[in-house]
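Dumped start-v3.pdb below, it's PDB, C-alpha atoms, pLDDT in the B column:
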```
ATOM      1  CA  MET A   1    -125.537  14.283  16.867  1.00 90.00           C
ATOM      2  CA  LYS A   2    -124.941  17.046  14.333  1.00 97.00           C
ATOM      3  CA  THR A   3    -128.270  18.199  12.875  1.00 98.00           C
ATOM      4  CA  GLY A   4    -128.943  20.605  10.040  1.00 98.00           C
ATOM      5  CA  ILE A   5    -132.185  21.838   8.557  1.00 98.00           C
ATOM      6  CA  PHE A   6    -132.961  22.674   4.938  1.00 98.00           C
ATOM      7  CA  VAL A   7    -136.131  24.729   4.718  1.00 97.00           C
ATOM      8  CA  GLY A   8    -138.340  25.984   1.935  1.00 95.00           C
ATOM      9  CA  SER A   9    -141.759  25.862   0.363  1.00 93.00           C
ATOM     10  CA  PHE A  10    -140.503  23.256  -2.132  1.00 96.00           C
ATOM     11  CA  ASP A  11    -143.451  23.792  -4.469  1.00 94.00           C
ATOM     12  CA  PRO A  12    -142.226  21.800  -6.307  1.00 96.00           C
ATOM     13  CA  PHE A  13    -139.023  20.201  -4.995  1.00 98.00           C
ATOM     14  CA  THR A  14    -136.598  20.559  -7.912  1.00 98.00           C
ATOM     15  CA  ILE A  15    -133.347  18.953  -9.001  1.00 98.00           C
ATOM     16  CA  GLY A  16    -131.662  22.068  -7.591  1.00 98.00           C
ATOM     17  CA  HIS A  17    -133.100  21.320  -4.137  1.00 98.00           C
ATOM     18  CA  ASP A  18    -132.056  17.683  -4.501  1.00 98.00           C
ATOM     19  CA  SER A  19    -128.504  18.763  -5.316  1.00 98.00           C
ATOM     20  CA  ILE A  20    -128.306  20.837  -2.131  1.00 98.00           C
ATOM     21  CA  VAL A  21    -129.679  17.967  -0.009  1.00 98.00           C
ATOM     22  CA  ARG A  22    -127.268  15.414  -1.452  1.00 98.00           C
ATOM     23  CA  ARG A  23    -124.286  17.753  -0.985  1.00 98.00           C
ATOM     24  CA  ALA A  24    -125.308  18.745   2.560  1.00 98.00           C
ATOM     25  CA  LEU A  25    -126.086  15.231   3.804  1.00 97.00           C
ATOM     26  CA  PRO A  26    -122.444  14.188   4.400  1.00 97.00           C
ATOM     27  CA  LEU A  27    -121.992  17.219   6.689  1.00 97.00           C
ATOM     28  CA  PHE A  28    -124.600  16.031   9.200  1.00 98.00           C
ATOM     29  CA  ASP A  29    -125.709  12.981  11.115  1.00 97.00           C
ATOM     30  CA  ARG A  30    -129.281  14.131  10.546  1.00 98.00           C
ATOM     31  CA  LEU A  31    -130.706  16.508   7.935  1.00 98.00           C
ATOM     32  CA  VAL A  32    -134.281  17.662   8.459  1.00 98.00           C
ATOM     33  CA  ILE A  33    -136.055  19.005   5.386  1.00 98.00           C
ATOM     34  CA  GLY A  34    -138.540  21.564   6.697  1.00 98.00           C
ATOM     35  CA  VAL A  35    -141.502  22.130   4.424  1.00 97.00           C
ATOM     36  CA  VAL A  36    -143.218  25.471   4.996  1.00 93.00           C
ATOM     37  CA  GLY A  37    -146.748  24.833   6.170  1.00 89.00           C
ATOM     38  CA  ASP A  38    -147.945  28.402   5.770  1.00 70.00           C
ATOM     39  CA  ASN A  39    -146.652  31.220   3.660  1.00 62.00           C
ATOM     40  CA  VAL A  40    -148.654  34.410   3.307  1.00 54.00           C
ATOM     41  CA  GLN A  41    -146.498  35.412   0.335  1.00 62.00           C
ATOM     42  CA  LYS A  42    -147.419  32.184  -1.497  1.00 62.00           C
ATOM     43  CA  PRO A  43    -151.092  31.538  -0.677  1.00 59.00           C
ATOM     44  CA  TYR A  44    -151.610  29.183  -3.637  1.00 71.00           C
ATOM     45  CA  MET A  45    -149.106  26.511  -2.618  1.00 81.00           C
ATOM     46  CA  ARG A  46    -150.018  22.861  -2.900  1.00 88.00           C
ATOM     47  CA  PRO A  47    -150.888  21.364   0.507  1.00 88.00           C
ATOM     48  CA  ALA A  48    -147.877  20.705   2.750  1.00 90.00           C
ATOM     49  CA  GLU A  49    -148.715  16.984   3.031  1.00 92.00           C
ATOM     50  CA  GLU A  50    -148.570  16.604  -0.754  1.00 94.00           C
ATOM     51  CA  ARG A  51    -145.202  18.379  -0.954  1.00 95.00           C
ATOM     52  CA  MET A  52    -143.836  16.367   1.983  1.00 96.00           C
ATOM     53  CA  LYS A  53    -144.922  13.035   0.496  1.00 97.00           C
ATOM     54  CA  ALA A  54    -143.015  13.722  -2.725  1.00 96.00           C
ATOM     55  CA  ILE A  55    -139.850  14.530  -0.765  1.00 98.00           C
ATOM     56  CA  ARG A  56    -140.229  11.562   1.606  1.00 98.00           C
ATOM     57  CA  ASP A  57    -140.660   9.223  -1.359  1.00 98.00           C
ATOM     58  CA  LEU A  58    -137.496  10.610  -2.957  1.00 98.00           C
ATOM     59  CA  TYR A  59    -135.370   9.978   0.145  1.00 98.00           C
ATOM     60  CA  ALA A  60    -137.038   6.811   1.429  1.00 97.00           C
ATOM     61  CA  ASP A  61    -133.676   5.001   1.228  1.00 96.00           C
ATOM     62  CA  LYS A  62    -131.751   7.726   3.126  1.00 96.00           C
ATOM     63  CA  PRO A  63    -131.985   7.121   6.889  1.00 94.00           C
ATOM     64  CA  GLY A  64    -130.260  10.427   7.759  1.00 96.00           C
ATOM     65  CA  ILE A  65    -133.040  12.486   6.185  1.00 98.00           C
ATOM     66  CA  GLU A  66    -136.311  13.447   7.855  1.00 98.00           C
ATOM     67  CA  VAL A  67    -139.095  15.515   6.294  1.00 98.00           C
ATOM     68  CA  LYS A  68    -141.311  17.642   8.519  1.00 98.00           C
ATOM     69  CA  THR A  69    -143.655  20.562   8.153  1.00 96.00           C
ATOM     70  CA  TYR A  70    -143.056  23.744  10.085  1.00 95.00           C
ATOM     71  CA  TYR A  71    -144.810  27.019  10.754  1.00 92.00           C
ATOM     72  CA  GLY A  72    -143.181  30.320  11.614  1.00 91.00           C
ATOM     73  CA  LEU A  73    -139.503  31.173  11.647  1.00 94.00           C
ATOM     74  CA  ALA A  74    -136.811  28.802  10.419  1.00 96.00           C
ATOM     75  CA  VAL A  75    -134.733  29.524  13.544  1.00 96.00           C
ATOM     76  CA  ASP A  76    -137.616  28.391  15.744  1.00 97.00           C
ATOM     77  CA  PHE A  77    -137.842  25.203  13.683  1.00 97.00           C
ATOM     78  CA  ALA A  78    -134.063  24.768  14.044  1.00 98.00           C
ATOM     79  CA  ARG A  79    -134.334  25.109  17.819  1.00 97.00           C
ATOM     80  CA  ALA A  80    -137.244  22.634  17.959  1.00 97.00           C
ATOM     81  CA  GLU A  81    -135.148  20.122  15.991  1.00 98.00           C
ATOM     82  CA  LYS A  82    -132.028  20.846  18.095  1.00 97.00           C
ATOM     83  CA  ALA A  83    -130.252  21.916  14.900  1.00 98.00           C
ATOM     84  CA  HIS A  84    -127.435  24.428  14.986  1.00 97.00           C
ATOM     85  CA  PHE A  85    -127.258  24.817  11.213  1.00 98.00           C
ATOM     86  CA  ILE A  86    -129.607  26.054   8.508  1.00 98.00           C
ATOM     87  CA  VAL A  87    -128.587  24.968   5.018  1.00 98.00           C
ATOM     88  CA  LYS A  88    -129.510  27.305   2.158  1.00 98.00           C
ATOM     89  CA  GLY A  89    -128.897  27.083  -1.566  1.00 97.00           C
ATOM     90  CA  VAL A  90    -127.640  30.130  -3.451  1.00 97.00           C
ATOM     91  CA  ARG A  91    -127.977  30.526  -7.230  1.00 97.00           C
ATOM     92  CA  SER A  92    -126.957  34.141  -7.792  1.00 95.00           C
ATOM     93  CA  ALA A  93    -125.621  37.337  -6.225  1.00 95.00           C
ATOM     94  CA  LYS A  94    -129.243  38.349  -5.582  1.00 94.00           C
ATOM     95  CA  ASP A  95    -129.847  35.105  -3.656  1.00 95.00           C
ATOM     96  CA  PHE A  96    -126.570  35.582  -1.795  1.00 96.00           C
ATOM     97  CA  GLU A  97    -127.471  39.063  -0.533  1.00 96.00           C
ATOM     98  CA  TYR A  98    -130.924  37.938   0.587  1.00 96.00           C
ATOM     99  CA  GLU A  99    -129.556  34.874   2.389  1.00 96.00           C
ATOM    100  CA  ARG A 100    -126.654  36.838   3.919  1.00 97.00           C
ATOM    101  CA  GLU A 101    -129.039  39.374   5.450  1.00 97.00           C
ATOM    102  CA  GLN A 102    -131.325  36.617   6.712  1.00 96.00           C
ATOM    103  CA  ALA A 103    -128.336  34.730   8.186  1.00 97.00           C
ATOM    104  CA  ASP A 104    -127.146  37.864   9.995  1.00 97.00           C
ATOM    105  CA  ILE A 105    -130.568  38.415  11.571  1.00 97.00           C
ATOM    106  CA  ASN A 106    -130.907  34.735  12.482  1.00 96.00           C
ATOM    107  CA  ARG A 107    -127.481  34.805  14.132  1.00 96.00           C
ATOM    108  CA  MET A 108    -128.495  37.913  16.110  1.00 96.00           C
ATOM    109  CA  ILE A 109    -131.834  36.602  17.330  1.00 96.00           C
ATOM    110  CA  THR A 110    -130.341  33.231  18.325  1.00 95.00           C
ATOM    111  CA  LYS A 111    -127.247  34.825  19.878  1.00 95.00           C
ATOM    112  CA  GLY A 112    -125.073  32.719  17.588  1.00 92.00           C
ATOM    113  CA  GLU A 113    -126.841  29.469  18.449  1.00 96.00           C
ATOM    114  CA  VAL A 114    -127.883  28.853  14.815  1.00 97.00           C
ATOM    115  CA  GLU A 115    -125.483  29.297  11.919  1.00 97.00           C
ATOM    116  CA  THR A 116    -126.359  29.399   8.216  1.00 98.00           C
ATOM    117  CA  LEU A 117    -124.389  27.377   5.669  1.00 98.00           C
ATOM    118  CA  LEU A 118    -124.654  28.553   2.076  1.00 98.00           C
ATOM    119  CA  LEU A 119    -124.141  26.016  -0.667  1.00 98.00           C
ATOM    120  CA  TYR A 120    -123.758  27.408  -4.144  1.00 97.00           C
ATOM    121  CA  ALA A 121    -125.856  25.916  -6.904  1.00 98.00           C
ATOM    122  CA  GLU A 122    -124.083  23.719  -9.366  1.00 97.00           C
ATOM    123  CA  PRO A 123    -123.611  25.869 -12.502  1.00 97.00           C
ATOM    124  CA  HIS A 124    -125.923  23.764 -14.680  1.00 97.00           C
ATOM    125  CA  LEU A 125    -128.702  24.136 -12.071  1.00 97.00           C
ATOM    126  CA  SER A 126    -128.377  27.851 -11.339  1.00 96.00           C
ATOM    127  CA  SER A 127    -131.358  28.876 -13.494  1.00 96.00           C
ATOM    128  CA  ILE A 128    -133.780  26.351 -12.024  1.00 97.00           C
ATOM    129  CA  SER A 129    -136.325  27.591  -9.503  1.00 96.00           C
ATOM    130  CA  SER A 130    -139.663  26.333  -8.232  1.00 95.00           C
ATOM    131  CA  SER A 131    -141.254  29.512  -9.606  1.00 93.00           C
ATOM    132  CA  MET A 132    -139.904  28.791 -13.078  1.00 96.00           C
ATOM    133  CA  VAL A 133    -141.113  25.189 -12.905  1.00 97.00           C
ATOM    134  CA  ARG A 134    -144.596  26.267 -11.752  1.00 94.00           C
ATOM    135  CA  GLU A 135    -144.825  28.759 -14.618  1.00 95.00           C
ATOM    136  CA  LEU A 136    -143.842  26.127 -17.171  1.00 97.00           C
ATOM    137  CA  MET A 137    -146.414  23.752 -15.655  1.00 95.00           C
ATOM    138  CA  HIS A 138    -149.070  26.460 -15.892  1.00 94.00           C
ATOM    139  CA  PHE A 139    -148.430  26.697 -19.632  1.00 97.00           C
ATOM    140  CA  GLY A 140    -148.581  22.931 -20.102  1.00 97.00           C
ATOM    141  CA  GLN A 141    -144.870  22.299 -20.572  1.00 98.00           C
ATOM    142  CA  ASP A 142    -143.199  19.024 -19.610  1.00 98.00           C
ATOM    143  CA  VAL A 143    -141.120  19.813 -16.497  1.00 98.00           C
ATOM    144  CA  SER A 144    -139.857  16.305 -15.768  1.00 97.00           C
ATOM    145  CA  GLN A 145    -136.259  17.318 -16.554  1.00 98.00           C
ATOM    146  CA  PHE A 146    -136.385  19.785 -13.625  1.00 98.00           C
ATOM    147  CA  LEU A 147    -137.779  17.340 -11.058  1.00 97.00           C
ATOM    148  CA  PRO A 148    -135.818  14.584  -9.318  1.00 96.00           C
TER     149      PRO A 148
END
```
Could you quickly redo this structure as structure tokens?
Amino acid sequence: MKTGIFVGSFDPFTIGHDSIVRRALPLFDRLVIGVVGDNVQKPYMRPAEERMKAIRDLYADKPGIEVKTYYGLAVDFARAEKAHFIVKGVRSAKDFEYEREQADINRMITKGEVETLLLYAEPHLSSISSSMVRELMHFGQDVSQFLP
């Protein structure tokens, strides 16, 4: 069984995230969406259970998708799920460089056991980020067009 993981804080899960999931799903028998349970860089995240419920509800009709929380390194989560692939979305050159460096380190520490697949954002979604959506929400804007 070919398993991939797609990890993130997903606070909130946007239409950009949904695009990556839907495009990655045909590549795997099983795609596990890993919701970060702890993130010292984002201490004000909504509870993991709340974020997971929203994602589970979205993919309730997709048997190849599982949603789980994880703590620690994505490569450790990949190993626990017996996944050899980490799927990441890339919106810009800045994202690419960050993800490339992370992929190189992950490949080194797993001795090539876990590979990273980068999927480029669809052009009309390349400006959408969870941070942007949270900021708009903070200022009382309707963000429904950015959420699946």
What lies within 12 Å of Thr3 in chain A using only C-alpha atoms, ignoring chain neighbours under 3 positions off, as a list in words?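 Non-adjacent residues within range: Phe6, Ala24, Leu25, Pro26, Leu27, Phe28, Asp29, Arg30, Leu31, Val32, Ile33, Gly64, Ile65, Glu66, Phe77, Ala78, Arg79, Ala80, Glu81, Lys82, Ala83, His84, Phe85, Ile86, Val87, Val114 and Glu115 of chain A.
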At a cut-off of 12 Å around the point (-138.7, 10.6, 0.5) (file coordinates), what residues fall inside when counting all atoms listed in the file? I'd like the answer as a PyMOL selection string. chain A and resi 13+18+21+32-33+50-68+148
One number please: CA of Asp142 in chain A to CA of Asp38 in chain A, in Å, one decimal.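 CA of Asp38 in chain A lies at a distance of 27.5 Å from CA of Asp142 in chain A.
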CA of Thr69 in chain A to CA of Lys2 in chain A, straight-line distance in Å: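 Separation between CA of Lys2 in chain A and CA of Thr69 in chain A: 20.0 Å.
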Picked residues, the PyMOL selection byres ((chain A and resi 116-132) around 7), as a count of residues only: 21
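As for CA of Lys111 in chain A and CA of Val75 in chain A, they are spaced 11.1 Å apart.
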Got a sec to write range 2-70 of chain A of the block to a file, C-alpha atoms, as a PDB file, in the first residue's frame?
```
ATOM      1  CA  LYS A   2       1.459   3.343  -1.050  1.00  0.00           C
ATOM      2  CA  THR A   3       0.986   5.893   1.745  1.00  0.00           C
ATOM      3  CA  GLY A   4       1.683   9.606   1.749  1.00  0.00           C
ATOM      4  CA  ILE A   5       1.291  12.196   4.464  1.00  0.00           C
ATOM      5  CA  PHE A   6       0.265  15.834   4.130  1.00  0.00           C
ATOM      6  CA  VAL A   7       1.145  17.739   7.278  1.00  0.00           C
ATOM      7  CA  GLY A   8       0.477  21.201   8.608  1.00  0.00           C
ATOM      8  CA  SER A   9      -1.172  23.248  11.303  1.00  0.00           C
ATOM      9  CA  PHE A  10      -4.184  23.804   9.017  1.00  0.00           C
ATOM     10  CA  ASP A  11      -5.471  26.709  11.101  1.00  0.00           C
ATOM     11  CA  PRO A  12      -7.675  27.016   9.127  1.00  0.00           C
ATOM     12  CA  PHE A  13      -7.684  24.402   6.351  1.00  0.00           C
ATOM     13  CA  THR A  14      -8.009  26.486   3.177  1.00  0.00           C
ATOM     14  CA  ILE A  15      -9.042  25.885  -0.415  1.00  0.00           C
ATOM     15  CA  GLY A  16      -5.309  25.821  -1.183  1.00  0.00           C
ATOM     16  CA  HIS A  17      -4.840  22.870   1.190  1.00  0.00           C
ATOM     17  CA  ASP A  18      -7.882  21.175  -0.333  1.00  0.00           C
ATOM     18  CA  SER A  19      -6.394  21.578  -3.807  1.00  0.00           C
ATOM     19  CA  ILE A  20      -3.178  19.850  -2.729  1.00  0.00           C
ATOM     20  CA  VAL A  21      -5.104  16.978  -1.092  1.00  0.00           C
ATOM     21  CA  ARG A  22      -7.324  16.409  -4.120  1.00  0.00           C
ATOM     22  CA  ARG A  23      -4.338  16.469  -6.499  1.00  0.00           C
ATOM     23  CA  ALA A  24      -2.216  14.190  -4.285  1.00  0.00           C
ATOM     24  CA  LEU A  25      -4.925  11.613  -3.566  1.00  0.00           C
ATOM     25  CA  PRO A  26      -4.648   9.774  -6.919  1.00  0.00           C
ATOM     26  CA  LEU A  27      -0.923   9.209  -6.256  1.00  0.00           C
ATOM     27  CA  PHE A  28      -1.537   7.107  -3.136  1.00  0.00           C
ATOM     28  CA  ASP A  29      -3.641   4.264  -1.836  1.00  0.00           C
ATOM     29  CA  ARG A  30      -3.796   6.117   1.473  1.00  0.00           C
ATOM     30  CA  LEU A  31      -3.220   9.799   2.252  1.00  0.00           C
ATOM     31  CA  VAL A  32      -2.903  10.731   5.915  1.00  0.00           C
ATOM     32  CA  ILE A  33      -3.509  14.381   6.753  1.00  0.00           C
ATOM     33  CA  GLY A  34      -1.360  15.082   9.808  1.00  0.00           C
ATOM     34  CA  VAL A  35      -2.599  17.951  11.928  1.00  0.00           C
ATOM     35  CA  VAL A  36       0.106  19.480  14.115  1.00  0.00           C
ATOM     36  CA  GLY A  37      -0.840  18.984  17.735  1.00  0.00           C
ATOM     37  CA  ASP A  38       1.777  21.326  19.149  1.00  0.00           C
ATOM     38  CA  ASN A  39       3.642  24.180  17.585  1.00  0.00           C
ATOM     39  CA  VAL A  40       5.747  26.481  19.726  1.00  0.00           C
ATOM     40  CA  GLN A  41       5.887  28.985  16.862  1.00  0.00           C
ATOM     41  CA  LYS A  42       2.069  29.175  16.763  1.00  0.00           C
ATOM     42  CA  PRO A  43       0.928  29.008  20.403  1.00  0.00           C
ATOM     43  CA  TYR A  44      -2.516  30.482  19.665  1.00  0.00           C
ATOM     44  CA  MET A  45      -3.757  27.755  17.327  1.00  0.00           C
ATOM     45  CA  ARG A  46      -7.274  26.431  17.668  1.00  0.00           C
ATOM     46  CA  PRO A  47      -7.330  23.027  19.404  1.00  0.00           C
ATOM     47  CA  ALA A  48      -6.173  20.127  17.217  1.00  0.00           C
ATOM     48  CA  GLU A  49      -9.490  18.276  17.660  1.00  0.00           C
ATOM     49  CA  GLU A  50     -11.407  21.254  16.265  1.00  0.00           C
ATOM     50  CA  ARG A  51      -9.099  21.516  13.242  1.00  0.00           C
ATOM     51  CA  MET A  52      -9.235  17.749  12.666  1.00  0.00           C
ATOM     52  CA  LYS A  53     -13.037  17.636  12.820  1.00  0.00           C
ATOM     53  CA  ALA A  54     -13.339  20.254  10.075  1.00  0.00           C
ATOM     54  CA  ILE A  55     -10.993  18.269   7.824  1.00  0.00           C
ATOM     55  CA  ARG A  56     -12.643  14.915   8.594  1.00  0.00           C
ATOM     56  CA  ASP A  57     -16.053  16.382   7.775  1.00  0.00           C
ATOM     57  CA  LEU A  58     -14.733  17.682   4.450  1.00  0.00           C
ATOM     58  CA  TYR A  59     -13.409  14.271   3.373  1.00  0.00           C
ATOM     59  CA  ALA A  60     -16.026  12.032   4.983  1.00  0.00           C
ATOM     60  CA  ASP A  61     -16.826  10.557   1.547  1.00  0.00           C
ATOM     61  CA  LYS A  62     -13.161   9.837   0.666  1.00  0.00           C
ATOM     62  CA  PRO A  63     -12.129   6.420   2.023  1.00  0.00           C
ATOM     63  CA  GLY A  64      -8.452   6.896   1.066  1.00  0.00           C
ATOM     64  CA  ILE A  65      -8.050   9.858   3.415  1.00  0.00           C
ATOM     65  CA  GLU A  66      -7.332   9.659   7.137  1.00  0.00           C
ATOM     66  CA  VAL A  67      -6.917  12.616   9.494  1.00  0.00           C
ATOM     67  CA  LYS A  68      -4.682  12.274  12.540  1.00  0.00           C
ATOM     68  CA  THR A  69      -2.904  14.533  14.965  1.00  0.00           C
ATOM     69  CA  TYR A  70       0.835  14.309  15.395  1.00  0.00           C
TER      70      TYR A  70
END
```
